[in-house]
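Reading through the structure tokens given below for one structure.
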Amino acid sequence: VEPADIDETAFPGEVPRLHVMRLAAAKAAVVAARYPDAVILAADTVVAVGRRILPKTEDEAQARTCLELLSGRRHRVMTAVTVITRGAARHRMSNTIVTFKVLTAAEIDHYMASGEWHGKAGGYAIQGRAEGFVRFLSGSHSGVVGLPLYETRSLLLSAGIG
């Protein structure tokens with residue numbers, strides 16, 4: 001595991017799909033420059049409500065705002081994956097629709113107390129307590145976790161790995 005340490009700020013007017021694809025590709029490129037003979041796999045995940053990209057929450061107020069926005073609503077979780085090997089980059093993306101139940105103030109408070117929200121896109125981790133908020137999911141559960149396994153396996157096989 002090698003952090004890329006790139007600026008993840010969205011460009012003005014950048015739509016979520018292009019944003020997440022750009023970040024995964026940039027992360028892979030930065031690490032590939034350090035290790036040119038290695039197989040590099042990088043990914044990035046965004047949670048979006050319409051064209052609005054929700055943050056990777058760093059404080060409780062930010063996470064609470066995200067959960068209040070997602071309460072009872074449908075949103076998209078997009079995870080882009082890039083594999084670089086022998087100088088060639090390959091890209092895939094998963095796009096999952098998630099709908100949360102209407103969250104009570106007590107449910108949000110309980111989730112905030114868990115700390116699972118910290119550093120998570122949209123303020124939640126589906127692989128934890130937030131799974132109980134999901135009323136509907138269409139797409140890749142592993143993509144919502146942060147690494148879509150089908151797309152990743154497909155990329156690795158196309159690169160001759162696996």
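Starting from 1 in every chain, residues are counted up; chains themselves are A, B, ... following the order of the structure tokens, and ligands are numbered from 1 as listed.
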Need the shell around range 147-152 of chain A: protein/DNA/RNA residues with any atom at most 9 Å away, counting only C-alpha atoms. Skip same-chain ones fewer than 6 positions apart. Format as a PyMOL selection string? chain A and resi 41+43-45+79-83+91-94+140-141
Report as a tab-separated table: every residue of range 13-83 of chain A with an atom at most 12 Å from range 107-115 of chain A, its closest pair of atoms, and their distance in Å to one decimal, counting only C-alpha atoms, with rows sorted by chain and ascending residue number.
```
residue	atom	partner	partner_atom	distance
A:Thr57	CA	A:Gly115	CA	10.8
A:Glu58	CA	A:Gly115	CA	10.5
A:Asp59	CA	A:Gly115	CA	9.8
A:Glu60	CA	A:Met112	CA	6.7
A:Ala61	CA	A:Met112	CA	9.3
A:Gln62	CA	A:Met112	CA	10.6
A:Ala63	CA	A:Met112	CA	7.7
A:Arg64	CA	A:Ile108	CA	7.0
A:Thr65	CA	A:Ile108	CA	9.9
A:Cys66	CA	A:Ile108	CA	10.3
A:Leu67	CA	A:Ile108	CA	7.1
A:Glu68	CA	A:Ile108	CA	7.9
A:Leu69	CA	A:Ile108	CA	11.4
A:Leu70	CA	A:Ile108	CA	11.0
A:Ser71	CA	A:Ile108	CA	9.4
```
Considering only C-alpha atoms, return as a PDB file with all heavy atoms, in the first residue's frame whatever protein or nucleic-acid residues lie within 10 Å of Asp5 in chain A, sequence-local ones (same chain, fewer than 5 positions apart) excluded.
```
ATOM      1  N   ALA A  26      -5.015   9.348 -11.665  1.00  0.00           N
ATOM      2  CA  ALA A  26      -3.912  10.170 -11.135  1.00  0.00           C
ATOM      3  C   ALA A  26      -3.175   9.450 -10.014  1.00  0.00           C
ATOM      4  O   ALA A  26      -1.940   9.479  -9.957  1.00  0.00           O
ATOM      5  CB  ALA A  26      -4.452  11.513 -10.645  1.00  0.00           C
ATOM      6  N   LYS A  27      -3.907   8.805  -9.128  1.00  0.00           N
ATOM      7  CA  LYS A  27      -3.273   8.043  -8.052  1.00  0.00           C
ATOM      8  C   LYS A  27      -2.380   6.949  -8.626  1.00  0.00           C
ATOM      9  O   LYS A  27      -1.237   6.762  -8.186  1.00  0.00           O
ATOM     10  CB  LYS A  27      -4.323   7.421  -7.131  1.00  0.00           C
ATOM     11  CG  LYS A  27      -5.033   8.424  -6.256  1.00  0.00           C
ATOM     12  CD  LYS A  27      -6.113   7.721  -5.428  1.00  0.00           C
ATOM     13  CE  LYS A  27      -6.821   8.692  -4.511  1.00  0.00           C
ATOM     14  NZ  LYS A  27      -7.841   8.010  -3.678  1.00  0.00           N
ATOM     15  N   VAL A  30       0.865   8.458 -10.248  1.00  0.00           N
ATOM     16  CA  VAL A  30       1.853   8.922  -9.269  1.00  0.00           C
ATOM     17  C   VAL A  30       2.643   7.740  -8.708  1.00  0.00           C
ATOM     18  O   VAL A  30       3.878   7.779  -8.619  1.00  0.00           O
ATOM     19  CB  VAL A  30       1.156   9.719  -8.135  1.00  0.00           C
ATOM     20  CG1 VAL A  30       2.069   9.894  -6.943  1.00  0.00           C
ATOM     21  CG2 VAL A  30       0.698  11.068  -8.651  1.00  0.00           C
ATOM     22  N   VAL A  31       1.948   6.682  -8.339  1.00  0.00           N
ATOM     23  CA  VAL A  31       2.623   5.523  -7.757  1.00  0.00           C
ATOM     24  C   VAL A  31       3.424   4.770  -8.824  1.00  0.00           C
ATOM     25  O   VAL A  31       4.535   4.298  -8.559  1.00  0.00           O
ATOM     26  CB  VAL A  31       1.622   4.606  -7.029  1.00  0.00           C
ATOM     27  CG1 VAL A  31       2.303   3.356  -6.503  1.00  0.00           C
ATOM     28  CG2 VAL A  31       0.959   5.370  -5.876  1.00  0.00           C
TER      29      VAL A  31
END
```
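Remark: for His19 in chain A, the closest of the candidate residues A:Ala121, A:Ala33, A:Val46, A:Ala130 is A:Val46 (distances computed over only C-alpha atoms).
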Determine which residues of range 56-124 of chain A receive a DSSP assignment of helix (DSSP H, G or I), computed from the backbone, and state them as number ranges by chain. A: 60-70, 105-114
Pull N, CA, C and O atoms from the residues just selected and write them as an mmCIF file, in the first residue's frame.
```cif
data_model
loop_
_atom_site.group_PDB
_atom_site.id
_atom_site.type_symbol
_atom_site.label_atom_id
_atom_site.label_comp_id
_atom_site.auth_asym_id
_atom_site.auth_seq_id
_atom_site.Cartn_x
_atom_site.Cartn_y
_atom_site.Cartn_z
ATOM 1 N N GLU A 60 -17.425 15.537 12.582
ATOM 2 C CA GLU A 60 -18.776 15.045 12.856
ATOM 3 C C GLU A 60 -19.853 15.904 12.196
ATOM 4 O O GLU A 60 -20.845 15.378 11.683
ATOM 5 N N ALA A 61 -19.670 17.206 12.167
ATOM 6 C CA ALA A 61 -20.665 18.088 11.554
ATOM 7 C C ALA A 61 -20.815 17.775 10.069
ATOM 8 O O ALA A 61 -21.939 17.725 9.545
ATOM 9 N N GLN A 62 -19.704 17.553 9.401
ATOM 10 C CA GLN A 62 -19.720 17.228 7.971
ATOM 11 C C GLN A 62 -20.431 15.886 7.740
ATOM 12 O O GLN A 62 -21.256 15.752 6.835
ATOM 13 N N ALA A 63 -20.116 14.892 8.566
ATOM 14 C CA ALA A 63 -20.740 13.567 8.429
ATOM 15 C C ALA A 63 -22.234 13.645 8.706
ATOM 16 O O ALA A 63 -23.045 13.038 7.989
ATOM 17 N N ARG A 64 -22.610 14.377 9.723
ATOM 18 C CA ARG A 64 -24.028 14.531 10.072
ATOM 19 C C ARG A 64 -24.784 15.189 8.907
ATOM 20 O O ARG A 64 -25.876 14.757 8.546
ATOM 21 N N THR A 65 -24.199 16.214 8.305
ATOM 22 C CA THR A 65 -24.825 16.885 7.161
ATOM 23 C C THR A 65 -25.036 15.904 6.015
ATOM 24 O O THR A 65 -26.093 15.896 5.375
ATOM 25 N N CYS A 66 -24.038 15.074 5.746
ATOM 26 C CA CYS A 66 -24.162 14.081 4.674
ATOM 27 C C CYS A 66 -25.288 13.098 4.966
ATOM 28 O O CYS A 66 -26.125 12.822 4.089
ATOM 29 N N LEU A 67 -25.325 12.555 6.176
ATOM 30 C CA LEU A 67 -26.371 11.585 6.514
ATOM 31 C C LEU A 67 -27.753 12.204 6.466
ATOM 32 O O LEU A 67 -28.711 11.562 6.005
ATOM 33 N N GLU A 68 -27.881 13.435 6.907
ATOM 34 C CA GLU A 68 -29.173 14.117 6.831
ATOM 35 C C GLU A 68 -29.594 14.306 5.375
ATOM 36 O O GLU A 68 -30.772 14.164 5.034
ATOM 37 N N LEU A 69 -28.641 14.600 4.505
ATOM 38 C CA LEU A 69 -28.931 14.746 3.078
ATOM 39 C C LEU A 69 -29.332 13.408 2.461
ATOM 40 O O LEU A 69 -30.245 13.338 1.643
ATOM 41 N N LEU A 70 -28.653 12.326 2.852
ATOM 42 C CA LEU A 70 -28.912 11.007 2.272
ATOM 43 C C LEU A 70 -30.161 10.340 2.837
ATOM 44 O O LEU A 70 -30.698 9.410 2.220
ATOM 45 N N ALA A 105 -33.258 11.076 14.065
ATOM 46 C CA ALA A 105 -32.171 11.802 14.732
ATOM 47 C C ALA A 105 -31.390 10.864 15.637
ATOM 48 O O ALA A 105 -30.152 10.942 15.708
ATOM 49 N N ALA A 106 -32.078 9.940 16.299
ATOM 50 C CA ALA A 106 -31.402 8.985 17.187
ATOM 51 C C ALA A 106 -30.489 8.041 16.390
ATOM 52 O O ALA A 106 -29.385 7.718 16.856
ATOM 53 N N GLU A 107 -30.922 7.615 15.218
ATOM 54 C CA GLU A 107 -30.076 6.744 14.392
ATOM 55 C C GLU A 107 -28.818 7.482 13.941
ATOM 56 O O GLU A 107 -27.719 6.914 13.948
ATOM 57 N N ILE A 108 -28.970 8.726 13.555
ATOM 58 C CA ILE A 108 -27.808 9.518 13.142
ATOM 59 C C ILE A 108 -26.879 9.735 14.331
ATOM 60 O O ILE A 108 -25.657 9.558 14.210
ATOM 61 N N ASP A 109 -27.432 10.055 15.491
ATOM 62 C CA ASP A 109 -26.610 10.234 16.694
ATOM 63 C C ASP A 109 -25.826 8.964 17.020
ATOM 64 O O ASP A 109 -24.629 9.023 17.335
ATOM 65 N N HIS A 110 -26.494 7.828 16.951
ATOM 66 C CA HIS A 110 -25.846 6.546 17.243
ATOM 67 C C HIS A 110 -24.720 6.283 16.246
ATOM 68 O O HIS A 110 -23.635 5.830 16.615
ATOM 69 N N TYR A 111 -24.987 6.568 14.987
ATOM 70 C CA TYR A 111 -23.953 6.353 13.968
ATOM 71 C C TYR A 111 -22.765 7.287 14.183
ATOM 72 O O TYR A 111 -21.612 6.892 14.050
ATOM 73 N N MET A 112 -23.040 8.525 14.533
ATOM 74 C CA MET A 112 -21.959 9.474 14.811
ATOM 75 C C MET A 112 -21.083 8.961 15.953
ATOM 76 O O MET A 112 -19.855 9.043 15.890
ATOM 77 N N ALA A 113 -21.709 8.408 16.978
ATOM 78 C CA ALA A 113 -20.968 7.904 18.142
ATOM 79 C C ALA A 113 -20.073 6.715 17.768
ATOM 80 O O ALA A 113 -19.047 6.482 18.410
ATOM 81 N N SER A 114 -20.420 5.985 16.704
ATOM 82 C CA SER A 114 -19.628 4.811 16.296
ATOM 83 C C SER A 114 -18.273 5.202 15.714
ATOM 84 O O SER A 114 -17.339 4.406 15.730
#
```
Please list as JSON, numbers by chain every residue within 9 Å of range 37-39 of chain A, counting only C-alpha atoms and excluding residues in the same chain fewer than 4 positions away. {"A": [32, 83, 84, 85, 86, 87, 161]}
If you measure from CA of Gly139 in chain A to CA of Leu156 in chain A, what distance in Å do you get, rounded to one decimal? 20.2 Å
Which of chain A DSSP labels strand (DSSP E), written as a PyMOL selection string: chain A and resi 40-49+52-54+74-85+88-100+134-138
Rounded to one decimal place, report the CA of Arg74 in chain A-CA of Val98 in chain A distance in Å. 5.6 Å
Of the residues A:Val49, A:Pro12, A:Ser138, A:Pro3, which is the one nearest to Ala29 in chain A, using only C-alpha atoms?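 Of the candidates, the smallest distance to Ala29 in chain A is held by A:Pro3.
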Can you work out which one of A:Arg17, A:Arg90, A:Arg34, A:Arg52 has the shortest atom-to-atom distance to Gly122 in chain A, counting only C-alpha atoms?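 Ranking A:Arg17, A:Arg90, A:Arg34, A:Arg52 by distance to Gly122 in chain A, first place goes to A:Arg52.
Proximity to His75 in chain A was assessed for A:Ala48, A:Val145, A:Leu155, A:Leu18 counting only C-alpha atoms; the smallest distance is recorded for A:Ala48.
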Kindly give the distance, in Å, that separates CA of Phe100 in chain A and CA of Glu131 in chain A, rounded to a single decimal.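 Taking CA of Phe100 in chain A and CA of Glu131 in chain A, their separation equals 9.2 Å.
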Might you pull out every residue within 12 Å of Gln127 in chain A, with only C-alpha atoms counted and same-chain residues fewer than 4 positions away left off, and present them as a PDB file with C-alpha atoms, in the first residue's frame?
```
ATOM      1  CA  GLU A 116     -17.380   4.732  11.345  1.00  0.00           C
ATOM      2  CA  TRP A 117     -18.097   7.893   9.357  1.00  0.00           C
ATOM      3  CA  LYS A 120     -15.625   7.937   4.429  1.00  0.00           C
ATOM      4  CA  GLU A 131     -25.695  -1.393   6.088  1.00  0.00           C
ATOM      5  CA  GLY A 132     -28.837  -1.165   8.238  1.00  0.00           C
ATOM      6  CA  PHE A 133     -29.729   2.153   6.564  1.00  0.00           C
ATOM      7  CA  VAL A 134     -29.819   0.669   3.047  1.00  0.00           C
ATOM      8  CA  HIS A 141     -21.884  -3.841  -3.026  1.00  0.00           C
ATOM      9  CA  SER A 142     -18.077  -4.190  -3.085  1.00  0.00           C
ATOM     10  CA  GLY A 143     -17.929  -0.994  -5.147  1.00  0.00           C
ATOM     11  CA  VAL A 144     -19.707   0.840  -2.348  1.00  0.00           C
ATOM     12  CA  VAL A 145     -17.191  -0.613   0.117  1.00  0.00           C
ATOM     13  CA  GLY A 146     -14.474   0.909  -2.066  1.00  0.00           C
ATOM     14  CA  LEU A 147     -13.062  -1.747  -4.405  1.00  0.00           C
TER      15      LEU A 147
END
```
